[in-house]
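S.K.: So I've got this file, structure_0.txt, and it contains compact mmCIF, C-alpha atoms:
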# COMPACT_ATOMS: atom_id res chain seq x y z
CA MET A 1 13.20 -3.99 -3.24
CA HIS A 2 9.58 -4.45 -4.32
CA ILE A 3 8.56 -7.18 -1.89
CA TYR A 4 6.13 -4.80 -0.18
CA SER A 5 4.06 -5.00 -3.36
CA PHE A 6 3.02 -8.55 -2.53
CA GLY A 7 0.99 -7.20 0.38
CA THR A 8 0.94 -9.30 3.54
CA ILE A 9 1.80 -12.64 1.93
CA PHE A 10 5.50 -12.51 2.81
CA ARG A 11 5.18 -10.49 6.00
CA GLY A 12 6.44 -13.32 8.24
CA ILE A 13 9.58 -14.32 6.33
CA SER A 14 13.13 -13.45 7.32
CA ALA A 15 15.24 -10.58 6.02
CA GLU A 16 17.45 -13.08 4.19
CA ASP A 17 14.44 -14.60 2.44
CA LYS A 18 13.28 -11.15 1.44
CA LYS A 19 16.68 -10.49 -0.12
CA LEU A 20 16.37 -13.75 -2.04
CA ILE A 21 13.02 -12.68 -3.45
CA ALA A 22 14.29 -9.19 -4.30
CA ALA A 23 17.21 -10.71 -6.22
CA SER A 24 14.99 -12.96 -8.34
CA GLU A 25 11.97 -10.79 -9.08
CA THR A 26 11.57 -8.74 -12.26
CA VAL A 27 9.34 -5.84 -13.26
CA LYS A 28 7.51 -5.69 -16.57
CA SER A 29 5.72 -2.66 -18.01
CA PHE A 30 2.61 -2.70 -20.20
CA MET A 31 0.80 0.13 -21.95
CA ARG A 32 -2.97 0.59 -21.75
CA GLY A 33 -4.75 -2.09 -23.77
CA GLU A 34 -1.76 -4.43 -23.95
CA VAL A 35 -2.22 -8.14 -23.27
CA ILE A 36 -0.49 -9.38 -20.13
CA TYR A 37 -1.49 -12.98 -20.76
CA ASN A 38 -4.01 -14.75 -22.96
CA VAL A 39 -6.29 -17.74 -22.54
CA GLY A 40 -4.18 -20.84 -23.13
CA ASP A 41 -0.86 -19.33 -22.01
CA ARG A 42 1.06 -21.17 -19.29
CA PRO A 43 1.78 -19.25 -16.07
CA SER A 44 5.47 -18.94 -15.27
CA HIS A 45 5.47 -16.30 -12.52
CA LEU A 46 3.47 -15.05 -9.58
CA LEU A 47 2.18 -11.68 -10.81
CA CYS A 48 1.49 -8.61 -8.71
CA VAL A 49 0.43 -5.11 -9.78
CA ILE A 50 2.83 -2.37 -8.67
CA GLU A 51 1.28 0.54 -10.57
CA GLY A 52 -1.89 0.93 -12.63
CA THR A 53 -4.85 -1.40 -13.05
CA VAL A 54 -5.34 -4.78 -14.73
CA LYS A 55 -8.63 -6.28 -15.91
CA ILE A 56 -9.27 -10.02 -15.92
CA CYS A 57 -11.59 -10.98 -18.78
CA VAL A 58 -13.29 -13.80 -20.57
CA THR A 59 -13.92 -13.12 -24.26
CA GLY A 60 -16.89 -14.63 -26.11
CA LEU A 61 -17.88 -14.57 -29.74
CA ASP A 62 -19.31 -11.06 -29.67
CA ARG A 63 -18.24 -9.38 -26.42
CA CYS A 64 -15.94 -9.38 -23.42
CA GLN A 65 -16.93 -9.98 -19.79
CA ILE A 66 -14.71 -8.36 -17.17
CA VAL A 67 -14.50 -10.68 -14.18
CA ARG A 68 -12.54 -8.38 -11.89
CA PHE A 69 -10.08 -5.52 -11.67
CA VAL A 70 -6.66 -5.92 -10.04
CA CYS A 71 -5.21 -2.92 -8.20
CA PRO A 72 -1.71 -2.13 -6.86
CA GLY A 73 -0.59 -4.56 -4.17
CA GLU A 74 -2.82 -7.38 -5.47
CA PHE A 75 -1.70 -10.48 -7.32
CA PHE A 76 -3.50 -12.40 -10.07
CA GLY A 77 -3.33 -15.56 -12.18
CA LEU A 78 -2.71 -17.57 -9.02
CA ARG A 79 -5.23 -20.41 -9.43
CA PRO A 80 -3.86 -21.82 -12.71
CA LEU A 81 -0.31 -21.36 -11.41
CA LEU A 82 -1.05 -23.54 -8.38
CA ALA A 83 -3.12 -26.01 -10.42
CA ARG A 84 -0.38 -26.18 -13.07
CA GLU A 85 -2.93 -25.42 -15.74
CA ARG A 86 -3.08 -22.95 -18.60
CA TYR A 87 -4.88 -19.65 -18.09
CA VAL A 88 -8.65 -19.83 -18.69
CA LEU A 89 -9.02 -16.03 -18.59
CA SER A 90 -7.08 -13.18 -20.17
CA ALA A 91 -5.46 -10.19 -18.49
CA TYR A 92 -5.18 -6.70 -20.04
CA ALA A 93 -3.73 -3.40 -18.88
CA VAL A 94 -6.52 -0.90 -18.14
CA SER A 95 -3.91 1.85 -17.80
CA ASP A 96 -0.14 1.90 -18.12
CA VAL A 97 0.92 -0.72 -15.58
CA LYS A 98 3.97 -2.21 -13.93
CA ILE A 99 3.81 -5.88 -12.96
CA LEU A 100 6.09 -7.53 -10.42
CA CYS A 101 6.98 -11.10 -11.43
CA MET A 102 8.28 -13.80 -9.09
CA PRO A 103 9.43 -17.10 -10.68
CA THR A 104 7.05 -19.95 -9.94
CA PRO A 105 9.67 -22.32 -8.45
CA LEU A 106 10.70 -19.73 -5.86
CA PHE A 107 7.09 -18.95 -4.97
CA LEU A 108 6.28 -22.66 -4.56
CA LYS A 109 9.36 -23.08 -2.38
CA PHE A 110 8.11 -20.43 0.02
CA LEU A 111 4.59 -21.84 -0.15
CA THR A 112 5.79 -25.29 0.97
CA THR A 113 8.34 -24.19 3.57
CA HIS A 114 6.60 -21.22 5.23
CA PRO A 115 3.20 -21.92 6.85
CA SER A 116 2.51 -18.19 7.17
CA VAL A 117 2.83 -17.78 3.38
CA SER A 118 0.52 -20.76 2.77
CA ILE A 119 -2.12 -19.37 5.14
CA ALA A 120 -1.93 -15.89 3.57
CA VAL A 121 -2.27 -17.30 0.05
CA ALA A 122 -5.24 -19.48 1.09
CA SER A 123 -6.89 -16.43 2.63
CA GLU A 124 -6.39 -14.40 -0.56
CA ILE A 125 -7.86 -17.18 -2.70
CA ALA A 126 -10.86 -17.56 -0.39
CA THR A 127 -11.51 -13.80 -0.47
CA CYS A 128 -11.28 -13.73 -4.26
CA LEU A 129 -13.66 -16.69 -4.62
CA GLY A 130 -16.14 -15.01 -2.26
CA THR A 131 -16.06 -11.84 -4.36
CA ILE A 132 -16.62 -13.84 -7.55
CA ASP A 133 -19.56 -15.69 -5.95
CA LYS A 134 -21.24 -12.39 -5.04
CA ARG A 135 -20.68 -11.01 -8.54
CA LEU A 136 -22.11 -14.18 -10.10
CA VAL A 137 -25.32 -13.74 -8.10
CA SER A 138 -25.53 -10.10 -9.12
CA LEU A 139 -24.91 -10.72 -12.81
CA THR A 140 -27.51 -13.49 -13.00
CA GLN A 141 -30.22 -12.14 -10.67
CA LYS A 142 -30.30 -8.35 -11.10
CA HIS A 143 -31.78 -6.19 -13.84
CA THR A 144 -29.64 -3.78 -15.84
CA ARG A 145 -30.12 -0.80 -13.48
CA GLY A 146 -29.17 -2.89 -10.45
CA ARG A 147 -26.16 -4.40 -12.19
CA LEU A 148 -24.87 -1.02 -13.32
CA ALA A 149 -25.44 0.56 -9.90
CA GLU A 150 -23.54 -2.28 -8.24
CA ALA A 151 -20.74 -2.01 -10.80
CA LEU A 152 -20.33 1.71 -10.13
CA LEU A 153 -20.33 1.17 -6.37
CA ASP A 154 -17.81 -1.63 -6.68
CA ILE A 155 -15.53 0.40 -8.95
CA SER A 156 -15.82 3.34 -6.56
CA SER A 157 -14.92 1.12 -3.60
CA ARG A 158 -11.97 -0.41 -5.43
CA PHE A 159 -10.42 2.78 -6.77
CA GLY A 160 -11.70 5.44 -4.39
CA ARG A 161 -13.20 8.86 -5.15
CA ASP A 162 -11.98 12.42 -5.16
CA PHE A 163 -12.92 13.99 -1.83
CA ASN A 164 -14.25 17.22 -3.33
CA SER A 165 -15.92 16.18 -6.58
CA GLY A 166 -16.89 12.61 -5.81
CA ALA A 167 -15.27 11.53 -9.09
CA ILE A 168 -14.22 7.88 -9.27
CA CYS A 169 -10.42 7.71 -9.40
CA CYS A 170 -10.27 5.47 -12.44
CA LEU A 171 -11.18 6.46 -15.98
CA LEU A 172 -12.93 3.52 -17.62
CA THR A 173 -14.47 3.51 -21.07
CA ARG A 174 -18.21 3.02 -21.45
CA GLU A 175 -17.42 -0.37 -23.00
CA GLU A 176 -15.36 -1.42 -19.97
CA ILE A 177 -18.16 -0.39 -17.60
CA ALA A 178 -20.65 -2.32 -19.72
CA CYS A 179 -18.42 -5.40 -19.76
CA TYR A 180 -18.07 -5.25 -15.99
CA ALA A 181 -21.84 -4.93 -15.49
CA ASN A 182 -22.64 -7.61 -18.12
CA MET A 183 -24.52 -5.19 -20.37
CA THR A 184 -24.27 -4.03 -23.93
CA THR A 185 -22.44 -0.74 -24.36
CA ALA A 186 -25.63 0.88 -25.67
CA ASN A 187 -27.59 -0.19 -22.58
CA ALA A 188 -24.82 1.04 -20.29
CA ILE A 189 -24.76 4.46 -21.98
CA ARG A 190 -28.54 4.73 -21.80
CA THR A 191 -28.66 3.71 -18.12
CA LEU A 192 -25.83 6.09 -17.22
CA SER A 193 -27.84 8.88 -18.87
CA ASP A 194 -30.86 7.87 -16.77
CA PHE A 195 -28.75 8.08 -13.61
CA VAL A 196 -27.60 11.57 -14.66
CA ALA A 197 -31.21 12.67 -15.23
CA GLU A 198 -32.12 11.34 -11.78
CA GLY A 199 -29.28 13.32 -10.16
CA ILE A 200 -27.46 10.19 -8.98
CA ILE A 201 -24.24 10.70 -10.96
CA SER A 202 -22.64 13.28 -13.22
CA LEU A 203 -20.56 12.63 -16.33
CA LYS A 204 -17.67 14.56 -17.82
CA GLY A 205 -16.03 12.59 -20.58
CA ARG A 206 -14.90 9.32 -19.01
CA GLN A 207 -15.03 10.84 -15.53
CA ILE A 208 -17.95 9.63 -13.42
CA SER A 209 -18.87 11.42 -10.20
CA ILE A 210 -21.27 9.89 -7.69
CA LEU A 211 -23.65 12.56 -6.38
CA ASP A 212 -26.17 10.38 -4.54
CA GLU A 213 -24.50 7.29 -3.10
CA LYS A 214 -27.58 6.32 -1.09
CA GLY A 215 -29.66 6.45 -4.27
CA LEU A 216 -27.16 4.22 -6.02
CA HIS A 217 -27.29 1.74 -3.14
CA ARG A 218 -31.09 1.80 -3.28
CA ILE A 219 -31.07 0.90 -6.98
CA CYS A 220 -28.48 -1.78 -6.33
CA ASN A 221 -30.51 -3.37 -3.53
CA LEU A 222 -33.73 -3.30 -5.56
CA GLY A 223 -31.94 -5.31 -8.22
Could you spell out this file's structure in structure tokens?
M.R.:
Amino acid sequence: MHIYSFGTIFRGISAEDKKLIAASETVKSFMRGEVIYNVGDRPSHLLCVIEGTVKICVTGLDRCQIVRFVCPGEFFGLRPLLARERYVLSAYAVSDVKILCMPTPLFLKFLTTHPSVSIAVASEIATCLGTIDKRLVSLTQKHTRGRLAEALLDISSRFGRDFNSGAICCLLTREEIACYANMTTANAIRTLSDFVAEGIISLKGRQISILDEKGLHRICNLG
């Protein structure tokens, strides 16, 4: 039974309802870089990450902008599912991932018959919108150093760090970091090198270790 993977959304439902969900849900696996859904696809399931990481992106003519990362226990693609619209963003596997899928009709049934589920879903949507609002301000108001510092702090907060080395527990490419900070890859590489020279971070391949978190916050706050 994977129902725990949907976090607190279904915490208040009965054991029988949980069995009903467990009997109808499916698990799909994707390899790193694989498309989970594309812009224009129609949502058919409530999606939740069991293992790995998913990135939600919008792709322009020359580059990709990562809107957010989805970690285990979090669901995604909810807004178009509820609005009965096609996806306006794409989802890709950052690493090998397993996705828990609940059929839309069953999810909507619980949403309309269980107030606790409706409240939990509304809370999740509100939290997600608040995070997007903050990122929008950052991406439009801050300079490259501030944007990259905030991106590293956010990634660190989302994925955690190794207690001993301070290494962020998620190996992202330089391009993915650039796309998350709304920078070109060249600018991201150059700014990361500046942070290394200033003793704020260290780099070892794709591994990034934060050495001076206060310094990173200072750069982030300066914008």
S.K.: Once you count only C-alpha atoms, what closest atom pair and distance in Å to one decimal does each residue of segment 115-193 of chain A within 10 Å of segment 75-96 of chain A have, with rows by chain and rising residue number, as a tab-separated table?
M.R.:
residue	atom	partner	partner_atom	distance
A:Val121	CA	A:Leu78	CA	9.1
A:Glu124	CA	A:Phe75	CA	9.1
A:Ile125	CA	A:Arg79	CA	7.9
A:Cys128	CA	A:Phe76	CA	9.8
A:Cys170	CA	A:Ser95	CA	9.1
A:Leu171	CA	A:Ser95	CA	8.8
A:Leu172	CA	A:Val94	CA	7.8
A:Thr173	CA	A:Val94	CA	9.6
A:Glu176	CA	A:Val94	CA	9.0
S.K.: Limited to C-alpha atoms, could you put the picked residues into a file as a short mmCIF file (atom, residue, chain, number, x, y, z; two decimals), keeping the file's coordinate frame?
M.R.:
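Result went into part_22.cif, see below:
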data_model
loop_
_atom_site.label_atom_id
_atom_site.label_comp_id
_atom_site.auth_asym_id
_atom_site.auth_seq_id
_atom_site.Cartn_x
_atom_site.Cartn_y
_atom_site.Cartn_z
CA VAL A 121 -2.27 -17.30 0.05
CA GLU A 124 -6.39 -14.40 -0.56
CA ILE A 125 -7.86 -17.18 -2.70
CA CYS A 128 -11.28 -13.73 -4.26
CA CYS A 170 -10.27 5.47 -12.44
CA LEU A 171 -11.18 6.46 -15.98
CA LEU A 172 -12.93 3.52 -17.62
CA THR A 173 -14.47 3.51 -21.07
CA GLU A 176 -15.36 -1.42 -19.97
#
S.K.: Atom CA of Ala178 of chain A and atom CA of Gly33 of chain A, how far apart in Å?
M.R.: 16.4 Å
S.K.: Give me, as a PDB file with C-alpha atoms, in the frame of the given file, all polymer residues having an atom no more than 6 Å from segment 162-168 of chain A, counting only C-alpha atoms and skipping those fewer than 3 positions away in the same chain.
M.R.:
ATOM      1  CA  SER A 156     -15.820   3.340  -6.560  1.00  0.00           C
ATOM      2  CA  ILE A 208     -17.950   9.630 -13.420  1.00  0.00           C
ATOM      3  CA  SER A 209     -18.870  11.420 -10.200  1.00  0.00           C
ATOM      4  CA  ILE A 210     -21.270   9.890  -7.690  1.00  0.00           C
TER       5      ILE A 210
END
S.K.: Looking at only C-alpha atoms, which of A:Leu211, A:Cys57, A:Leu136, A:Leu148 is the one that sits closest to Thr184 of chain A?
M.R.: A:Leu148
S.K.: Any idea what the distance is between atom CA of Ser123 of chain A and atom CA of Asp154 of chain A?
M.R.: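 Calculated distance between atom CA of Ser123 of chain A and atom CA of Asp154 of chain A is 20.6 Å.
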S.K.: Which residue, A:Val58, A:Leu100, A:Ala15, A:Ile219, has the smallest gap to Thr191 of chain A when you use all atoms listed in the file?
M.R.: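 With all atoms listed in the file as the atom set, the closest residue is A:Ile219.
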S.K.: Separation of atom CA of Val196 of chain A and atom CA of Asn182 of chain A, in Å?
M.R.: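 Distance reported for this atom pair: 20.1 Å.
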